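Note: the block below is my_file34.tsv and it holds TSV, C-alpha atoms.
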chain	number	residue	atom	x	y	z
Q	1	MET	CA	0.00	0.00	0.00
Q	2	GLY	CA	1.31	3.41	-0.85
Q	3	ARG	CA	0.72	6.86	0.51
Q	4	GLY	CA	-2.88	8.02	0.45
Q	5	LEU	CA	-4.20	4.51	0.93
Q	6	LYS	CA	-6.26	3.36	3.90
Q	7	ALA	CA	-6.29	-0.09	5.47
Q	8	PHE	CA	-8.49	-1.54	8.17
Q	9	LEU	CA	-6.25	-3.41	10.62
Q	10	ASP	CA	-7.65	-6.44	12.38
Q	11	THR	CA	-6.86	-7.09	16.03
Q	12	SER	CA	-4.57	-9.96	15.06
Q	13	ILE	CA	-2.01	-7.52	13.62
Q	14	PHE	CA	-1.61	-5.81	17.00
Q	15	LEU	CA	-1.68	-9.04	19.02
Q	16	TYR	CA	0.97	-10.81	16.94
Q	17	ALA	CA	3.17	-7.71	16.94
Q	18	VAL	CA	3.39	-7.62	20.76
Q	19	GLY	CA	2.93	-11.27	21.64
Q	20	SER	CA	5.45	-14.03	22.08
Q	21	HIS	CA	7.60	-15.08	19.15
Q	22	HIS	CA	5.48	-16.24	16.23
Q	23	ARG	CA	6.02	-16.47	12.48
Q	24	TYR	CA	3.66	-13.49	12.05
Q	25	GLN	CA	5.36	-11.29	14.64
Q	26	GLU	CA	7.85	-9.54	12.34
Q	27	PRO	CA	5.43	-9.06	9.42
Q	28	CYS	CA	2.89	-7.54	11.82
Q	29	ARG	CA	5.54	-5.26	13.30
Q	30	ARG	CA	6.49	-4.12	9.78
Q	31	ILE	CA	2.85	-3.35	9.00
Q	32	LEU	CA	2.53	-1.22	12.13
Q	33	ALA	CA	5.85	0.49	11.44
Q	34	GLY	CA	4.66	1.33	7.92
Q	35	ALA	CA	1.52	2.89	9.32
Q	36	GLY	CA	3.65	4.80	11.82
Q	37	ARG	CA	5.79	6.16	8.97
Q	38	GLY	CA	2.64	7.31	7.18
Q	39	GLU	CA	2.91	4.83	4.32
Q	40	PHE	CA	-0.83	4.27	4.69
Q	41	GLU	CA	-3.61	5.32	7.03
Q	42	ALA	CA	-4.43	2.63	9.57
Q	43	VAL	CA	-8.12	2.40	10.48
Q	44	VAL	CA	-9.68	0.37	13.29
Q	45	ASN	CA	-12.98	0.40	15.14
Q	46	ILE	CA	-13.54	0.34	18.88
Q	47	GLU	CA	-14.17	-3.41	18.71
Q	48	VAL	CA	-10.52	-3.91	17.65
Q	49	VAL	CA	-9.38	-1.95	20.71
Q	50	GLN	CA	-11.82	-3.80	23.00
Q	51	GLU	CA	-10.68	-7.20	21.72
Q	52	TYR	CA	-7.03	-6.23	22.13
Q	53	VAL	CA	-7.55	-5.17	25.77
Q	54	HIS	CA	-9.56	-8.31	26.49
Q	55	VAL	CA	-6.98	-10.72	25.03
Q	56	ARG	CA	-3.91	-8.96	26.42
Q	57	SER	CA	-5.38	-8.69	29.94
Q	58	ARG	CA	-6.09	-12.43	29.90
Q	59	LYS	CA	-2.54	-13.22	28.73
Q	60	GLY	CA	-1.16	-12.30	32.13
Q	61	ILE	CA	0.07	-8.74	31.54
Q	62	GLY	CA	-2.67	-7.35	33.75
Q	63	ARG	CA	-5.51	-4.94	33.25
Q	64	ASP	CA	-3.47	-1.77	33.74
Q	65	ALA	CA	-0.81	-2.78	31.19
Q	66	ALA	CA	-3.42	-3.90	28.65
Q	67	ALA	CA	-5.29	-0.62	29.01
Q	68	LEU	CA	-2.05	1.35	28.66
Q	69	GLU	CA	-1.05	-0.61	25.55
Q	70	SER	CA	-4.43	0.10	23.98
Q	71	THR	CA	-3.60	3.80	23.97
Q	72	ASP	CA	-0.89	3.01	21.40
Q	73	ILE	CA	-3.56	1.68	19.04
Q	74	ILE	CA	-5.78	4.69	19.63
Q	75	SER	CA	-2.93	7.13	19.04
Q	76	SER	CA	-1.48	5.38	15.97
Q	77	CYS	CA	-4.71	4.60	14.11
Q	78	ARG	CA	-7.88	6.36	13.19
Q	79	VAL	CA	-10.65	4.84	15.28
Q	80	ALA	CA	-13.71	4.86	13.03
Q	81	ASP	CA	-17.12	5.36	14.54
Q	82	VAL	CA	-19.55	2.49	14.34
Q	83	ASN	CA	-22.94	4.09	13.89
Q	84	MET	CA	-26.31	2.40	13.64
Q	85	ALA	CA	-26.14	2.18	9.82
Q	86	THR	CA	-22.80	0.36	10.02
Q	87	PHE	CA	-24.14	-1.90	12.74
Q	88	GLN	CA	-27.20	-2.79	10.63
Q	89	VAL	CA	-24.98	-3.64	7.63
Q	90	ALA	CA	-22.96	-5.90	9.92
Q	91	LEU	CA	-26.13	-7.61	11.18
Q	92	ARG	CA	-27.33	-8.24	7.60
Q	93	THR	CA	-23.92	-9.65	6.65
Q	94	PHE	CA	-23.87	-11.85	9.75
Q	95	VAL	CA	-27.32	-13.29	9.01
Q	96	ALA	CA	-26.70	-13.76	5.28
Q	97	THR	CA	-23.23	-15.30	5.61
Q	98	PRO	CA	-23.18	-18.18	8.12
Q	99	GLU	CA	-19.42	-18.69	7.86
Q	100	VAL	CA	-18.73	-15.10	9.01
Q	101	GLY	CA	-18.79	-14.31	12.71
Q	102	PHE	CA	-20.36	-11.11	13.94
Q	103	ARG	CA	-17.05	-9.47	14.89
Q	104	ASP	CA	-15.73	-10.01	11.35
Q	105	ALA	CA	-19.01	-8.74	9.89
Q	106	LEU	CA	-18.68	-5.58	11.99
Q	107	HIS	CA	-15.07	-5.10	10.85
Q	108	ALA	CA	-16.11	-5.56	7.21
Q	109	ALA	CA	-18.98	-3.11	7.56
Q	110	THR	CA	-16.66	-0.57	9.20
Q	111	ALA	CA	-14.06	-1.03	6.47
Q	112	THR	CA	-16.71	-0.53	3.80
Q	113	SER	CA	-18.13	2.56	5.48
Q	114	GLN	CA	-14.63	4.06	5.71
Q	115	LEU	CA	-13.86	3.34	2.05
Q	116	VAL	CA	-10.64	1.55	2.93
Q	117	ASP	CA	-8.48	0.07	0.20
Q	118	GLY	CA	-8.01	-3.21	2.01
Q	119	VAL	CA	-8.31	-5.19	5.21
Q	120	VAL	CA	-5.12	-6.47	6.82
Q	121	SER	CA	-5.38	-9.50	9.06
Q	122	ALA	CA	-3.20	-12.37	10.16
Q	123	ASP	CA	-6.34	-14.50	10.50
Q	124	ARG	CA	-8.15	-16.31	7.73
If you took the structure in this file and wrote it as structure tokens, what would it be?
Amino acid sequence: MGRGLKAFLDTSIFLYAVGSHHRYQEPCRRILAGAGRGEFEAVVNIEVVQEYVHVRSRKGIGRDAAALESTDIISSCRVADVNMATFQVALRTFVATPEVGFRDALHAATATSQLVDGVVSADR
């Protein structure tokens, strides 16, 4: 992705970047570094931040540390609003597509509403 492009970043990018050694750790760190250098605009929704705090706090770093780490996401990405129209699109996608979970449907609806150029995830 080049300058002027927007990408929705899934929670997995942030979790792999800070977690224990994993084959996705360095690629995820490079993605976040690219966003930090302004190579593209990183977009998330509040659900990404919520999931990050939830997972990190359960991984033994504690609630305070997880909350503090989440401020890095908030400060390095644009946190897109999820309004009722976006939520309704997510619900329709969730109902119409049995293989898609609601969280992924909400991310897709947010990405669509924000006119991003792509979704970046280390998950399927």
Atom CA of Q:Asp117 to atom CA of Q:Ala80: how many Å, to one decimal?
14.7 Å
Every residue with an atom at most 12 Å from (4.2, 3.6, 7.8) (file coordinates; only C-alpha atoms) is what I'm after, so could you write them as a list in words?
Met1, Gly2, Arg3, Gly4, Leu5, Lys6, Ala7, Cys28, Arg29, Arg30, Ile31, Leu32, Ala33, Gly34, Ala35, Gly36, Arg37, Gly38, Glu39, Phe40, Glu41, Ala42, Ser76 and Cys77 of chain Q
What gap, in Å, lies between atom CA of Q:Thr112 and atom CA of Q:Gly19?
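Going from atom CA of Q:Thr112 over to atom CA of Q:Gly19 covers 28.6 Å.
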Could you give me, as JSON lines, every stretch 33-63 of chain Q residue with an atom at most 10 Å from stretch 95-104 of chain Q, plus its closest atom pair and distance in Å to one decimal, counting all atoms listed in the file, rows ordered by chain then number?
{"residue": "Q:Glu47", "atom": "CA", "partner": "Q:Arg103", "partner_atom": "CA", "distance": 7.7}
{"residue": "Q:Val48", "atom": "CA", "partner": "Q:Arg103", "partner_atom": "CA", "distance": 9.0}
{"residue": "Q:Glu51", "atom": "CA", "partner": "Q:Arg103", "partner_atom": "CA", "distance": 9.6}
So that I have them on file, write out the residues from the current selection with C-alpha atoms, as a tab-separated table (two decimals), keeping the file's coordinate frame.
chain	number	residue	atom	x	y	z
Q	47	GLU	CA	-14.17	-3.41	18.71
Q	48	VAL	CA	-10.52	-3.91	17.65
Q	51	GLU	CA	-10.68	-7.20	21.72
Considering only C-alpha atoms, can you say which of Q:Phe14, Q:His22, Q:Val43, Q:Pro27 comes closest to Q:Leu115?
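Checking each of Q:Phe14, Q:His22, Q:Val43, Q:Pro27 against Q:Leu115, counting only C-alpha atoms, the winner is Q:Val43.
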Name all residues at most 10 Å from Q:Ser113 (count only C-alpha atoms; drop same-chain ones fewer than 6 positions away) and give them as a ChimeraX atom specification.
/Q:80-83,85-86,89,107
Which one is closest to Q:Ser75: Q:Thr11, Q:Ser20, Q:Val44, Q:Gln88? Count all atoms listed in the file.
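Checking each candidate against Q:Ser75, we get Q:Val44 as the closest.
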Could you check which of Q:Phe8, Q:Leu106, Q:Gln50, Q:Ile13 is closest to Q:Arg78, using all atoms listed in the file?
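Checking each candidate against Q:Arg78, we get Q:Phe8 as the closest.
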Please output stretch 92-105 of chain Q, rebuilt to include N, CA and C atoms, as an mmCIF file, in the coordinates of the input.
data_model
loop_
_atom_site.group_PDB
_atom_site.id
_atom_site.type_symbol
_atom_site.label_atom_id
_atom_site.label_comp_id
_atom_site.auth_asym_id
_atom_site.auth_seq_id
_atom_site.Cartn_x
_atom_site.Cartn_y
_atom_site.Cartn_z
ATOM 1 N N ARG Q 92 -26.871 -7.606 8.846
ATOM 2 C CA ARG Q 92 -27.330 -8.240 7.600
ATOM 3 C C ARG Q 92 -26.268 -9.204 7.061
ATOM 4 N N THR Q 93 -25.014 -8.792 7.118
ATOM 5 C CA THR Q 93 -23.920 -9.650 6.650
ATOM 6 C C THR Q 93 -23.833 -10.903 7.513
ATOM 7 N N PHE Q 94 -23.934 -10.732 8.804
ATOM 8 C CA PHE Q 94 -23.870 -11.850 9.750
ATOM 9 C C PHE Q 94 -24.977 -12.865 9.476
ATOM 10 N N VAL Q 95 -26.189 -12.396 9.261
ATOM 11 C CA VAL Q 95 -27.320 -13.290 9.010
ATOM 12 C C VAL Q 95 -27.194 -13.971 7.649
ATOM 13 N N ALA Q 96 -26.756 -13.240 6.644
ATOM 14 C CA ALA Q 96 -26.700 -13.760 5.280
ATOM 15 C C ALA Q 96 -25.482 -14.652 5.006
ATOM 16 N N THR Q 97 -24.481 -14.590 5.877
ATOM 17 C CA THR Q 97 -23.230 -15.300 5.610
ATOM 18 C C THR Q 97 -22.870 -16.140 6.837
ATOM 19 N N PRO Q 98 -23.371 -17.367 6.916
ATOM 20 C CA PRO Q 98 -23.180 -18.180 8.120
ATOM 21 C C PRO Q 98 -21.719 -18.428 8.500
ATOM 22 N N GLU Q 99 -20.822 -18.413 7.551
ATOM 23 C CA GLU Q 99 -19.420 -18.690 7.860
ATOM 24 C C GLU Q 99 -18.670 -17.474 8.424
ATOM 25 N N VAL Q 100 -19.348 -16.326 8.492
ATOM 26 C CA VAL Q 100 -18.730 -15.100 9.010
ATOM 27 C C VAL Q 100 -19.282 -14.816 10.402
ATOM 28 N N GLY Q 101 -18.385 -14.672 11.357
ATOM 29 C CA GLY Q 101 -18.790 -14.310 12.710
ATOM 30 C C GLY Q 101 -19.188 -12.849 12.781
ATOM 31 N N PHE Q 102 -19.875 -12.489 13.852
ATOM 32 C CA PHE Q 102 -20.360 -11.110 13.940
ATOM 33 C C PHE Q 102 -19.219 -10.093 14.018
ATOM 34 N N ARG Q 103 -18.167 -10.409 14.765
ATOM 35 C CA ARG Q 103 -17.050 -9.470 14.890
ATOM 36 C C ARG Q 103 -16.452 -9.171 13.507
ATOM 37 N N ASP Q 104 -16.263 -10.218 12.700
ATOM 38 C CA ASP Q 104 -15.730 -10.010 11.350
ATOM 39 C C ASP Q 104 -16.713 -9.236 10.474
ATOM 40 N N ALA Q 105 -18.000 -9.487 10.648
ATOM 41 C CA ALA Q 105 -19.010 -8.740 9.890
ATOM 42 C C ALA Q 105 -18.968 -7.261 10.265
#
